[in-house]
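Structure file data06.txt (compact mmCIF, C-alpha atoms) follows.
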# COMPACT_ATOMS: atom_id res chain seq x y z
CA MET A 1 -13.98 -7.47 -15.39
CA LYS A 2 -15.16 -9.74 -12.58
CA PRO A 3 -13.69 -11.17 -9.38
CA ALA A 4 -12.48 -14.78 -9.35
CA SER A 5 -14.27 -17.46 -7.32
CA THR A 6 -12.54 -16.41 -4.07
CA GLN A 7 -11.03 -13.20 -2.71
CA GLU A 8 -7.64 -14.86 -2.42
CA GLU A 9 -7.61 -16.01 -6.04
CA THR A 10 -8.68 -12.53 -7.12
CA ALA A 11 -5.86 -11.01 -5.09
CA TRP A 12 -3.28 -13.29 -6.70
CA GLN A 13 -4.60 -12.60 -10.20
CA LEU A 14 -4.16 -8.88 -9.53
CA PHE A 15 -0.68 -9.43 -8.06
CA VAL A 16 0.48 -11.50 -11.02
CA ALA A 17 -0.96 -9.10 -13.61
CA ALA A 18 0.72 -6.16 -11.87
CA HIS A 19 4.11 -7.87 -11.58
CA CYS A 20 4.38 -9.11 -15.16
CA THR A 21 7.38 -7.73 -17.03
CA VAL A 22 6.58 -5.32 -19.86
CA ASN A 23 8.84 -3.74 -22.46
CA THR A 24 9.11 0.06 -22.47
CA PRO A 25 11.39 2.53 -24.30
CA ALA A 26 13.42 2.68 -21.07
CA GLY A 27 13.75 -1.11 -20.87
CA GLN A 28 11.85 -3.84 -19.07
CA LYS A 29 9.70 -2.86 -16.10
CA LEU A 30 7.14 -4.42 -13.82
CA ASN A 31 3.69 -3.60 -15.17
CA TRP A 32 2.73 -1.38 -12.25
CA GLU A 33 5.90 0.68 -12.70
CA THR A 34 4.39 2.03 -15.94
CA TRP A 35 1.31 3.36 -14.13
CA THR A 36 0.77 6.83 -12.59
CA GLU A 37 2.57 7.51 -9.30
CA GLN A 38 0.79 9.80 -6.82
CA THR A 39 3.69 12.29 -6.83
CA CYS A 40 2.55 13.49 -10.24
CA TRP A 41 -0.67 14.77 -8.68
CA LEU A 42 0.93 16.15 -5.55
CA ASN A 43 3.65 17.87 -7.62
CA PRO A 44 2.58 17.96 -11.30
CA SER A 45 5.68 19.91 -12.35
CA ALA A 46 8.06 17.19 -11.14
CA PRO A 47 10.37 15.89 -13.89
CA GLY A 48 8.83 12.84 -15.52
CA CYS A 49 5.22 13.85 -14.86
CA LYS A 50 4.43 15.88 -17.95
CA SER A 51 2.96 14.23 -21.02
CA GLY A 52 5.66 12.94 -23.35
CA GLU A 53 8.37 12.92 -20.71
CA GLU A 54 10.09 9.65 -19.79
CA LYS A 55 8.60 8.36 -16.55
CA LYS A 56 10.88 8.38 -13.52
CA ARG A 57 10.73 6.83 -10.05
CA PHE A 58 9.33 8.79 -7.14
CA SER A 59 10.47 6.96 -4.03
CA HIS A 60 9.15 8.88 -1.04
CA ALA A 61 8.21 8.74 2.60
CA ILE A 62 4.84 7.39 3.76
CA SER A 63 2.11 9.97 3.09
CA LEU A 64 0.26 8.81 6.19
CA LEU A 65 3.13 9.70 8.52
CA ALA A 66 3.79 12.96 6.71
CA THR A 67 0.16 13.94 7.26
CA ARG A 68 0.31 13.01 10.94
CA GLY A 69 3.53 15.00 11.34
CA LYS A 70 5.45 12.02 12.71
CA LEU A 71 8.20 11.68 10.13
CA ALA A 72 11.55 10.91 11.65
CA THR A 73 14.31 13.16 10.38
CA PRO A 74 16.74 11.18 8.19
CA ALA A 75 20.36 11.29 9.22
CA ALA A 76 22.37 13.96 7.45
CA THR A 77 24.99 11.46 6.35
CA GLY A 78 24.02 8.48 4.22
CA GLY A 79 20.39 9.53 3.83
CA LEU A 80 18.60 8.41 0.69
CA PRO A 81 16.68 11.08 -1.27
CA GLY A 82 12.97 10.90 -0.48
CA CYS A 83 13.24 7.96 1.90
CA GLN A 84 12.48 7.87 5.60
CA THR A 85 13.93 6.27 8.69
CA MET A 86 12.54 2.86 9.63
CA THR A 87 10.94 2.13 12.99
CA THR A 88 13.89 1.56 15.34
CA LYS A 89 14.55 1.39 19.06
CA SER A 90 14.54 5.16 19.38
CA SER A 91 12.77 7.49 21.75
CA GLN A 92 10.19 8.24 19.03
CA THR A 93 9.03 4.62 18.73
CA PRO A 94 5.92 3.62 20.74
CA LYS A 95 6.88 1.18 23.50
CA SER A 96 4.49 -1.50 22.25
CA LEU A 97 6.41 -1.69 18.95
CA LEU A 98 9.88 -2.03 20.50
CA PRO A 99 9.77 -5.85 20.88
CA PHE A 100 9.25 -6.17 17.12
CA VAL A 101 12.16 -3.98 15.95
CA PRO A 102 14.36 -6.27 13.81
CA GLY A 103 17.74 -7.05 15.32
CA ASN A 104 19.66 -6.84 12.04
CA LEU A 105 19.17 -3.16 11.19
CA SER A 106 22.08 -0.87 10.43
CA ALA A 107 22.76 2.40 12.24
CA ASN A 108 20.64 4.39 9.77
CA PRO A 109 17.98 2.06 8.31
CA GLN A 110 15.76 3.61 5.66
CA PHE A 111 13.02 2.56 3.30
CA CYS A 112 11.06 4.13 0.47
CA GLU A 113 7.47 3.87 -0.66
CA GLU A 114 5.73 4.26 -4.01
CA VAL A 115 1.98 4.45 -4.69
CA TYR A 116 0.79 3.74 -8.24
CA VAL A 117 -2.68 3.67 -9.79
CA ASN A 118 -3.66 1.99 -13.04
CA ALA A 119 -5.02 3.80 -16.10
CA ALA A 120 -8.68 3.37 -15.11
CA GLU A 121 -8.13 4.97 -11.70
CA ALA A 122 -5.89 7.70 -13.10
CA ALA A 123 -8.51 8.66 -15.70
CA PHE A 124 -11.22 8.85 -13.05
CA VAL A 125 -9.12 11.01 -10.71
CA THR A 126 -8.02 13.34 -13.48
CA ALA A 127 -11.40 13.80 -15.19
CA PRO A 128 -14.30 12.08 -13.39
CA PRO A 129 -17.46 11.68 -15.49
CA GLY A 130 -20.67 13.52 -14.63
CA GLY A 131 -19.12 16.62 -13.16
CA LYS A 132 -18.83 20.18 -14.42
CA PRO A 133 -16.54 20.89 -17.40
CA GLY A 134 -12.97 20.58 -16.21
CA ALA A 135 -13.95 18.57 -13.11
CA THR A 136 -11.01 16.93 -11.33
CA LEU A 137 -10.35 15.08 -8.08
CA THR A 138 -6.71 16.16 -7.85
CA THR A 139 -7.61 18.77 -5.20
CA ARG A 140 -9.94 18.54 -2.21
CA VAL A 141 -11.83 21.58 -3.54
CA GLY A 142 -12.39 19.66 -6.78
CA GLN A 143 -13.55 16.59 -4.86
CA ALA A 144 -16.09 18.58 -2.85
CA ASP A 145 -17.39 20.29 -5.98
CA TYR A 146 -17.74 16.96 -7.79
CA ILE A 147 -19.65 15.38 -4.90
CA ALA A 148 -21.97 18.41 -4.72
CA THR A 149 -22.50 18.45 -8.50
CA THR A 150 -23.30 14.75 -8.85
CA GLY A 151 -25.38 14.67 -5.67
CA LYS A 152 -24.13 11.21 -4.74
CA PRO A 153 -21.16 9.63 -2.95
CA LEU A 154 -17.90 9.46 -4.85
CA ASP A 155 -17.55 6.02 -6.48
CA PHE A 156 -14.46 4.78 -8.35
CA PRO A 157 -14.90 2.58 -11.44
CA LYS A 158 -14.71 -1.16 -10.81
CA GLU A 159 -11.56 -1.38 -12.99
CA ALA A 160 -9.57 0.83 -10.56
CA VAL A 161 -6.46 -0.75 -9.03
CA GLU A 162 -3.90 0.77 -6.67
CA ILE A 163 -0.47 -0.57 -5.66
CA LYS A 164 1.56 0.50 -2.65
CA ALA A 165 5.13 -0.84 -2.75
CA ASP A 166 7.64 -0.59 0.09
CA TRP A 167 11.37 -1.04 -0.59
CA ILE A 168 14.17 -1.49 1.93
CA ALA A 169 17.62 -0.23 0.97
CA ALA A 170 20.46 -2.75 1.18
CA SER A 171 22.33 -0.30 3.41
CA SER A 172 19.53 -0.61 5.99
CA LEU A 173 20.74 -4.01 7.22
CA ASN A 174 23.89 -4.75 9.17
CA ALA A 175 26.99 -6.48 7.81
CA ALA A 176 25.78 -9.94 8.80
CA SER A 177 22.63 -9.45 6.70
CA PHE A 178 24.32 -7.74 3.77
CA PHE A 179 22.79 -8.12 0.31
CA ASN A 180 23.20 -6.44 -3.05
CA CYS A 181 21.51 -6.46 -6.44
CA SER A 182 24.24 -8.39 -8.27
CA ASP A 183 26.10 -11.33 -6.75
CA LYS A 184 24.53 -11.49 -3.27
CA LYS A 185 20.80 -11.13 -3.75
CA PRO A 186 18.56 -12.04 -0.79
CA ALA A 187 17.01 -15.46 -1.34
CA GLY A 188 13.43 -15.29 -2.58
CA VAL A 189 13.17 -11.49 -2.53
CA TYR A 190 12.80 -9.33 -5.64
CA VAL A 191 15.52 -6.66 -5.83
CA GLN A 192 16.02 -3.68 -8.07
CA THR A 193 18.55 -0.88 -8.46
CA ILE A 194 16.76 2.49 -8.40
CA ASP A 195 18.80 5.66 -8.97
CA GLY A 196 21.98 3.75 -8.18
CA VAL A 197 20.72 2.26 -4.88
CA CYS A 198 19.92 -1.43 -4.35
CA TYR A 199 16.47 -2.06 -2.85
CA ALA A 200 14.47 -5.15 -1.93
CA LEU A 201 10.70 -5.25 -2.42
CA VAL A 202 9.47 -6.11 1.08
CA GLY A 203 5.80 -5.11 1.15
CA VAL A 204 3.02 -4.83 -1.42
CA HIS A 205 -0.52 -3.59 -0.80
CA ILE A 206 -3.08 -4.05 -3.59
CA SER A 207 -6.55 -2.52 -3.58
CA SER A 208 -9.15 -3.14 -6.29
CA LYS A 209 -12.67 -1.75 -6.77
CA LEU A 210 -13.95 -5.11 -8.03
CA TYR A 211 -15.91 -5.22 -4.76
CA PRO A 212 -18.16 -2.40 -3.41
CA ASN A 213 -15.86 -1.83 -0.41
CA TRP A 214 -12.78 -2.60 -2.52
CA LEU A 215 -10.61 -5.68 -2.18
CA TRP A 216 -7.72 -5.16 0.24
CA ALA A 217 -4.80 -7.56 -0.07
CA THR A 218 -1.28 -7.39 1.32
CA PHE A 219 1.80 -9.47 0.45
CA GLU A 220 5.27 -10.10 1.90
CA PRO A 221 8.26 -12.26 0.96
CA GLN A 222 9.05 -15.25 3.16
CA SER A 223 12.38 -13.83 4.27
CA PRO A 224 13.63 -13.72 7.85
CA LEU A 225 16.27 -11.31 6.56
CA THR A 226 13.86 -8.57 5.47
CA ASN A 227 10.50 -9.58 6.99
CA PRO A 228 11.19 -11.26 10.35
CA ASN A 229 7.75 -10.35 11.77
CA ARG A 230 5.68 -11.74 8.88
CA CYS A 231 2.40 -13.37 9.96
CA LYS A 232 2.97 -12.78 13.68
CA PRO A 233 -0.50 -12.51 15.27
CA SER A 234 1.06 -10.79 18.29
CA LEU A 235 1.94 -7.89 15.97
CA TYR A 236 -0.97 -7.60 13.50
CA SER A 237 -2.38 -10.83 12.10
CA SER A 238 -1.55 -14.37 11.11
CA CYS A 239 -1.50 -15.29 7.41
CA ASN A 240 -4.56 -16.86 5.80
CA ASP A 241 -4.58 -17.90 2.14
CA PRO A 242 -6.56 -21.06 1.31
CA TRP A 243 -6.00 -20.55 -2.45
CA GLY A 244 -2.26 -19.90 -2.72
CA SER A 245 -0.60 -21.28 0.42
CA ASN A 246 -0.17 -24.77 1.86
CA PRO A 247 -1.00 -24.79 4.71
CA ALA A 248 -3.49 -21.96 4.41
CA LEU A 249 -3.03 -20.67 7.96
CA SER A 250 0.44 -19.78 9.22
CA THR A 251 2.09 -17.65 11.90
CA GLY A 252 5.50 -16.97 10.40
CA GLN A 253 6.85 -20.34 9.32
CA ALA A 254 7.54 -20.84 5.60
CA THR A 255 4.73 -22.39 3.57
CA ALA A 256 4.59 -23.94 0.11
CA ALA A 257 2.93 -22.26 -2.84
CA THR A 258 -0.02 -24.26 -4.16
CA LYS A 259 -0.06 -25.64 -7.69
CA ASN A 260 -2.77 -23.12 -8.53
CA LEU A 261 -0.41 -20.28 -7.63
CA THR A 262 2.73 -21.62 -9.31
CA ASN A 263 0.76 -22.38 -12.49
CA LEU A 264 -0.59 -18.83 -12.55
CA MET A 265 2.88 -17.35 -12.09
CA ASP A 266 4.47 -19.64 -14.67
CA GLN A 267 1.83 -18.79 -17.27
CA ALA A 268 2.54 -15.10 -16.75
CA GLY A 269 6.32 -15.54 -16.79
CA LEU A 270 6.89 -13.87 -13.43
CA ALA A 271 10.38 -13.50 -12.02
CA PRO A 272 11.19 -16.60 -9.94
CA GLU A 273 11.60 -14.58 -6.73
CA PHE A 274 7.87 -13.93 -6.65
CA ARG A 275 7.23 -17.63 -5.97
CA ASN A 276 8.44 -16.87 -2.44
CA TYR A 277 5.91 -14.09 -1.81
CA ARG A 278 2.84 -14.90 0.26
CA LEU A 279 -0.54 -13.31 0.70
CA VAL A 280 -1.06 -12.22 4.29
CA GLY A 281 -4.83 -11.94 3.87
CA THR A 282 -7.72 -10.16 2.19
CA GLN A 283 -10.68 -8.01 3.16
CA THR A 284 -13.87 -6.91 1.41
CA GLN A 285 -15.92 -6.61 4.61
CA TYR A 286 -15.08 -5.04 7.95
CA GLU A 287 -15.22 -8.30 9.93
CA GLN A 288 -12.65 -9.99 7.67
CA PRO A 289 -10.42 -11.91 7.98
CA LEU A 290 -12.62 -13.97 10.27
CA SER A 291 -9.59 -15.89 11.55
CA SER A 292 -8.10 -12.69 13.03
CA LYS A 293 -11.40 -10.98 13.92
CA GLY A 294 -11.00 -8.18 11.39
CA LYS A 295 -7.30 -7.49 11.89
CA LEU A 296 -5.05 -7.37 8.82
CA GLY A 297 -1.63 -5.79 8.62
CA ASN A 298 1.66 -6.02 6.77
CA SER A 299 4.56 -6.53 9.16
CA PHE A 300 6.74 -4.14 7.15
CA VAL A 301 4.31 -1.53 5.78
CA GLU A 302 2.18 -0.99 8.89
CA PHE A 303 5.10 -1.44 11.29
CA ASN A 304 7.09 1.32 9.62
CA ALA A 305 3.97 3.48 9.58
CA ARG A 306 4.03 2.95 13.37
CA VAL A 307 0.63 1.30 13.56
CA LEU A 308 0.35 -0.16 17.03
CA PRO A 309 0.08 -3.93 17.61
CA GLN A 310 -3.40 -5.40 17.15
CA GLN A 311 -4.60 -2.12 15.59
CA ALA A 312 -4.18 -2.79 11.86
CA SER A 313 -7.08 -3.20 9.44
CA CYS A 314 -6.69 -2.02 5.84
CA ILE A 315 -10.40 -1.71 5.15
CA THR A 316 -11.16 0.08 8.43
CA CYS A 317 -8.33 2.56 8.04
CA HIS A 318 -9.39 3.42 4.50
CA GLY A 319 -13.04 3.51 5.56
CA TYR A 320 -12.18 6.76 7.35
CA ALA A 321 -10.97 8.43 4.13
CA ALA A 322 -13.11 11.55 3.97
CA ILE A 323 -12.97 15.30 3.50
CA ASN A 324 -14.59 17.94 5.70
CA VAL A 325 -16.59 19.98 3.18
CA ALA A 326 -17.65 22.49 5.86
CA LEU A 327 -14.19 24.02 5.55
CA HIS A 328 -12.65 25.81 2.57
CA PRO A 329 -10.54 24.29 1.32
CA PRO A 330 -12.00 21.05 2.67
CA GLY A 331 -10.11 19.49 5.53
CA THR A 332 -8.96 15.90 5.67
CA GLY A 333 -8.36 13.15 8.20
CA ASN A 334 -4.98 11.99 9.45
CA GLY A 335 -4.80 8.64 7.70
CA GLY A 336 -6.73 6.72 10.34
CA PRO A 337 -9.70 6.87 12.71
CA ILE A 338 -11.51 10.19 13.05
CA GLY A 339 -11.93 11.22 16.66
CA ASN A 340 -12.39 8.20 18.88
CA GLY A 341 -13.51 5.86 16.12
CA PRO A 342 -12.42 2.22 16.27
CA SER A 343 -9.36 1.04 14.33
CA ILE A 344 -10.85 -2.44 13.80
CA GLY A 345 -14.35 -3.08 12.44
CA LYS A 346 -16.80 -0.61 10.93
CA PRO A 347 -15.61 3.01 10.99
CA VAL A 348 -17.61 5.56 12.96
CA ILE A 349 -17.77 8.95 11.23
CA PRO A 350 -18.64 11.88 13.56
CA PRO A 351 -22.06 13.45 12.90
CA THR A 352 -22.39 16.72 11.01
CA ILE A 353 -22.32 19.87 13.11
CA PRO A 354 -21.50 23.50 12.21
CA GLY A 355 -17.95 23.51 10.90
CA ARG A 356 -17.85 19.73 10.42
CA HIS A 357 -19.40 17.75 7.55
CA TRP A 358 -17.45 14.68 6.52
CA GLU A 359 -17.97 13.36 3.00
CA PRO A 360 -16.41 9.94 2.22
CA VAL A 361 -14.06 9.67 -0.76
CA ASP A 362 -14.57 5.97 -1.46
CA PHE A 363 -11.85 4.55 0.80
CA SER A 364 -9.13 6.61 -0.91
CA TRP A 365 -6.60 8.24 1.38
CA MET A 366 -4.77 9.23 -1.77
CA LEU A 367 -7.63 11.63 -2.48
CA GLY A 368 -7.69 12.82 1.12
CA PHE A 369 -3.98 13.63 0.90
CA MET A 370 -4.39 15.68 -2.29
CA PRO A 371 -3.70 19.44 -2.10
CA GLY A 372 -6.52 21.58 -0.72
CA LYS A 373 -6.82 23.62 -3.90

Written as C-alpha cells, that's how I'd like the structure from this file.
Amino acid sequence: MKPASTQEETAWQLFVAAHCTVNTPAGQKLNWETWTEQTCWLNPSAPGCKSGEEKKRFSHAISLLATRGKLATPAATGGLPGCQTMTTKSSQTPKSLLPFVPGNLSANPQFCEEVYVNAAEAAFVTAPPGGKPGATLTTRVGQADYIATTGKPLDFPKEAVEIKADWIAASSLNAASFFNCSDKKPAGVYVQTIDGVCYALVGVHISSKLYPNWLWATFEPQSPLTNPNRCKPSLYSSCNDPWGSNPALSTGQATAATKNLTNLMDQAGLAPEFRNYRLVGTQTQYEQPLSSKGKLGNSFVEFNARVLPQQASCITCHGYAAINVALHPPGTGNGGPIGNGPSIGKPVIPPTIPGRHWEPVDFSWMLGFMPGK
C-alpha cells in the first residue's frame, strides 16, 4: 500500500474507498460504516460491540469537548440521544466565534459525531505485535506497558485509516432551511436516516498512516445551507486542492470537480451527492498547507469543537497526543496543546520532571481518550 503521486490524490483515493457502498446482512452501507467505532473500546459491553452481534450506530458527542469538560447540556425537550448542542450565540461560546455562527439554526441545533477505524488499525489497537501476551492499547495502562516492553515509540501500521464523521440533524435548521431524507433532500449533501432521525453528512476527517506523520485530510460539502463557513480563511483556512478542484484555491465559492476526481468517483460507483464534496486541504508536515501557513480546519468539525479562529491545525493538534506515564494510571492531554505549546506548527512537549513524563501515542487522540485501566 503506497501513497499516490500527491497528497491530495491520496486523500481522494481514501475518501472514495471509504465511501463506496457495500452489501451487509443489514443492507447497504458506506464502507466505513462497517468498521470499528471507538465506542466499542470505551464501552465494550454496549449492544452491537460483541463478536457476532449486528453492528449498530454510536452517534455521540465530540470526545475532545467531553475531555475538556466543555460539553453544552442538551435541551431536555427535543434532544437527540448521544448528540450535543452546536456552537450557537450563547454565553458559553467564545466571542471570537460569534461572527461565524450560522444564521439559519433552529432553537435547539444539535449534531452527532462518529469515529471509525479500519481493520488494520483495530487489530493493532486490540492486540499490538511485539508486546507481552495479552498486550492491548485499549487502556492507557496497556499503552504505557506496551511502550515500556517494546522500548520504542508507539507506531501504527501504515495500513491504518481513521474516519471522523460529523452529522447535522435536520431539526437543527430553521423552517426556511428545512430538509428531510425523502422528498426534500439538501442539494449535493449526503443524507441518511439513523435511528429514525434524518441527518446530513457535513464534515469528514480522514487520517492515514501512509506517511510517517500520518496524512490529515478534511472534507466538506459545498452547501451554504449546512456549511456556510466552508473555506473561509478568516475562520480557519482557505481550500487548496490542485488535484480535485478547479480552481485549486478557493475561499468559499463553489468550484468544479476535476475530471480526475469525477472519473475516480464514477469508477467506484459513489452516490452522486459526493461529487459536491470538496477537500479543504491536507497535511503530512507541520508547515502545511503552505498557502495557509500551517493552518487547516473544517468549518463544521472544528467550529463545533469550539476551536478558535486561526488556531486549527489537524497535524499539530494530534501531535500533542500523549500519555503521562509518570502517573498511574497514565494521565492524558486535553485534546490540544499541552501547557503553553503552540496550536500551529511543531508541537512542544514539556520536558520530563518528577511526576511528568509524556510519551507520544503516534498522533492518536483516540488512544489518549481510552480508559485509564

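Closest to A:Thr136 among A:Leu367, A:Ser207, A:Lys184, A:Arg356 is A:Leu367, based on all atoms listed in the file.
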
As a ChimeraX atom specification, please: the residues near A:Thr251 (cut-off 8 Å, all atoms listed in the file, same-chain neighbours under 6 positions excluded). /A:230-233,238-239

Would you put the residues from that selection into a file with C-alpha atoms, as a compact mmCIF listing (two decimals), in the coordinates of the input?
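Result written to out.txt:
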# COMPACT_ATOMS: atom_id res chain seq x y z
CA ARG A 230 5.68 -11.74 8.88
CA CYS A 231 2.40 -13.37 9.96
CA LYS A 232 2.97 -12.78 13.68
CA PRO A 233 -0.50 -12.51 15.27
CA SER A 238 -1.55 -14.37 11.11
CA CYS A 239 -1.50 -15.29 7.41

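Take atom CA of A:Ile349 and atom CA of A:Thr316: the distance between them is 11.4 Å.
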
Skipping near chain neighbours, those fewer than 2 positions away, what residues fall within 8 Å of A:Asn31 using only C-alpha atoms, listed as a list in words? Ala17, Ala18, His19, Cys20, Thr21, Val22, Lys29, Glu33, Thr34 and Trp35 of chain A

Could you save the residues just selected, with C-alpha atoms, as a JSON list (two decimals), in the coordinates of the input?
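And here's result-v4.json as it stands now:
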[["chain", "number", "residue", "atom", "x", "y", "z"],
["A", 17, "ALA", "CA", -0.96, -9.10, -13.61],
["A", 18, "ALA", "CA", 0.72, -6.16, -11.87],
["A", 19, "HIS", "CA", 4.11, -7.87, -11.58],
["A", 20, "CYS", "CA", 4.38, -9.11, -15.16],
["A", 21, "THR", "CA", 7.38, -7.73, -17.03],
["A", 22, "VAL", "CA", 6.58, -5.32, -19.86],
["A", 29, "LYS", "CA", 9.70, -2.86, -16.10],
["A", 33, "GLU", "CA", 5.90, 0.68, -12.70],
["A", 34, "THR", "CA", 4.39, 2.03, -15.94],
["A", 35, "TRP", "CA", 1.31, 3.36, -14.13]]

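Distance annotation: of A:Ser96, A:Gln84, A:Asn276, A:Ser45, the residue with the minimal separation from A:Tyr190 is A:Asn276; atom set is all atoms listed in the file.
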
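Atom pair atom CA of A:Lys89 / atom CA of A:Asn227 has a distance of 16.8 Å (rounded to one decimal).
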
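Neighbours of A:Val197 closer than or equal to 9 Å, with only C-alpha atoms counted and sequence neighbours fewer than 4 positions away skipped, come out as Leu80, Ala169, Ala170, Ser171, Cys181, Gln192 and Thr193 of chain A.
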
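Atom CA of A:Pro153 is found 15.8 Å from atom CA of A:Lys132.
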
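The smallest atom-to-atom distance between A:Val325 and any of A:Pro186, A:Gly142, A:Gly294, A:Gly244, using all atoms listed in the file, is found for A:Gly142.
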
Quick one: residues within 7 Å of stretch 300-302 of chain A, only C-alpha atoms counted, chain neighbours fewer than 5 positions away excluded, as a PyMOL selection string? chain A and resi 166+202-203+227+307

Would you kindly return, as a VMD selection string, each protein, DNA or RNA residue with an atom no farther than 10 Å from any atom of A:Leu201, considering only C-alpha atoms and excluding same-chain residues fewer than 3 positions away? chain A and resid 111 to 113 165 to 169 189 to 192 204 220 to 221 226

Please determine the residues with any atom at most 12 Å from (-14.6, 14.3, 5.5) (coordinates as given in the file, with only C-alpha atoms counting) and report them as a PyMOL selection string. chain A and resi 140-141+143-144+147+153-154+319-327+329-339+348-352+355-365+367-369

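Closest approach to A:Val125 from the set A:Ala175, A:Leu137, A:Ala257, A:Met370 is made by A:Leu137, with distances taken over only C-alpha atoms.
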
Please identify all polymer residues lying at most 6 Å from the point (-1.2, -22.8, 4.6) (file coordinates), using all atoms listed in the file, and present the result as a ChimeraX atom specification. /A:245-250

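With distances taken over all atoms listed in the file, A:Asn213 is the one residue among A:Asn213, A:Pro94, A:Leu235, A:His328 lying closest to A:Lys346.
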
Restricting the calculation to all atoms listed in the file: of A:Thr284, A:Thr39, A:Asn229, A:Asn263, which residue gets closest to A:Phe303? A:Asn229

Complete stretch 311-322 of chain A at the level of N, CA, C and O atoms, written as a PDB file, keeping the file's coordinate frame.
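Result file part_10.pdb:
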ATOM      1  N   GLN A 311      -3.785  -3.272  16.004  1.00  0.00           N
ATOM      2  CA  GLN A 311      -4.600  -2.120  15.590  1.00  0.00           C
ATOM      3  C   GLN A 311      -4.630  -1.930  14.084  1.00  0.00           C
ATOM      4  O   GLN A 311      -5.028  -0.864  13.612  1.00  0.00           O
ATOM      5  N   ALA A 312      -4.252  -2.944  13.307  1.00  0.00           N
ATOM      6  CA  ALA A 312      -4.180  -2.790  11.860  1.00  0.00           C
ATOM      7  C   ALA A 312      -5.381  -3.449  11.175  1.00  0.00           C
ATOM      8  O   ALA A 312      -5.704  -4.607  11.428  1.00  0.00           O
ATOM      9  N   SER A 313      -6.027  -2.693  10.325  1.00  0.00           N
ATOM     10  CA  SER A 313      -7.080  -3.200   9.440  1.00  0.00           C
ATOM     11  C   SER A 313      -7.109  -2.296   8.220  1.00  0.00           C
ATOM     12  O   SER A 313      -7.458  -1.113   8.329  1.00  0.00           O
ATOM     13  N   CYS A 314      -6.741  -2.839   7.062  1.00  0.00           N
ATOM     14  CA  CYS A 314      -6.690  -2.020   5.840  1.00  0.00           C
ATOM     15  C   CYS A 314      -8.037  -1.386   5.541  1.00  0.00           C
ATOM     16  O   CYS A 314      -8.143  -0.186   5.289  1.00  0.00           O
ATOM     17  N   ILE A 315      -9.086  -2.201   5.559  1.00  0.00           N
ATOM     18  CA  ILE A 315     -10.400  -1.710   5.150  1.00  0.00           C
ATOM     19  C   ILE A 315     -10.944  -0.684   6.142  1.00  0.00           C
ATOM     20  O   ILE A 315     -11.573   0.301   5.747  1.00  0.00           O
ATOM     21  N   THR A 316     -10.685  -0.879   7.432  1.00  0.00           N
ATOM     22  CA  THR A 316     -11.160   0.080   8.430  1.00  0.00           C
ATOM     23  C   THR A 316     -10.433   1.396   8.297  1.00  0.00           C
ATOM     24  O   THR A 316     -11.053   2.473   8.293  1.00  0.00           O
ATOM     25  N   CYS A 317      -9.117   1.336   8.191  1.00  0.00           N
ATOM     26  CA  CYS A 317      -8.330   2.560   8.040  1.00  0.00           C
ATOM     27  C   CYS A 317      -8.812   3.369   6.846  1.00  0.00           C
ATOM     28  O   CYS A 317      -9.073   4.574   6.946  1.00  0.00           O
ATOM     29  N   HIS A 318      -8.961   2.709   5.703  1.00  0.00           N
ATOM     30  CA  HIS A 318      -9.390   3.420   4.500  1.00  0.00           C
ATOM     31  C   HIS A 318     -10.864   3.798   4.541  1.00  0.00           C
ATOM     32  O   HIS A 318     -11.301   4.699   3.817  1.00  0.00           O
ATOM     33  N   GLY A 319     -11.637   3.131   5.398  1.00  0.00           N
ATOM     34  CA  GLY A 319     -13.040   3.510   5.560  1.00  0.00           C
ATOM     35  C   GLY A 319     -13.209   4.887   6.164  1.00  0.00           C
ATOM     36  O   GLY A 319     -14.290   5.482   6.082  1.00  0.00           O
ATOM     37  N   TYR A 320     -12.151   5.412   6.784  1.00  0.00           N
ATOM     38  CA  TYR A 320     -12.180   6.760   7.350  1.00  0.00           C
ATOM     39  C   TYR A 320     -11.765   7.831   6.334  1.00  0.00           C
ATOM     40  O   TYR A 320     -11.759   9.019   6.671  1.00  0.00           O
ATOM     41  N   ALA A 321     -11.395   7.440   5.125  1.00  0.00           N
ATOM     42  CA  ALA A 321     -10.970   8.430   4.130  1.00  0.00           C
ATOM     43  C   ALA A 321     -12.141   9.349   3.791  1.00  0.00           C
ATOM     44  O   ALA A 321     -13.149   8.912   3.230  1.00  0.00           O
ATOM     45  N   ALA A 322     -12.017  10.600   4.152  1.00  0.00           N
ATOM     46  CA  ALA A 322     -13.110  11.550   3.970  1.00  0.00           C
ATOM     47  C   ALA A 322     -12.556  12.969   3.968  1.00  0.00           C
ATOM     48  O   ALA A 322     -11.425  13.210   4.409  1.00  0.00           O
TER      49      ALA A 322
END
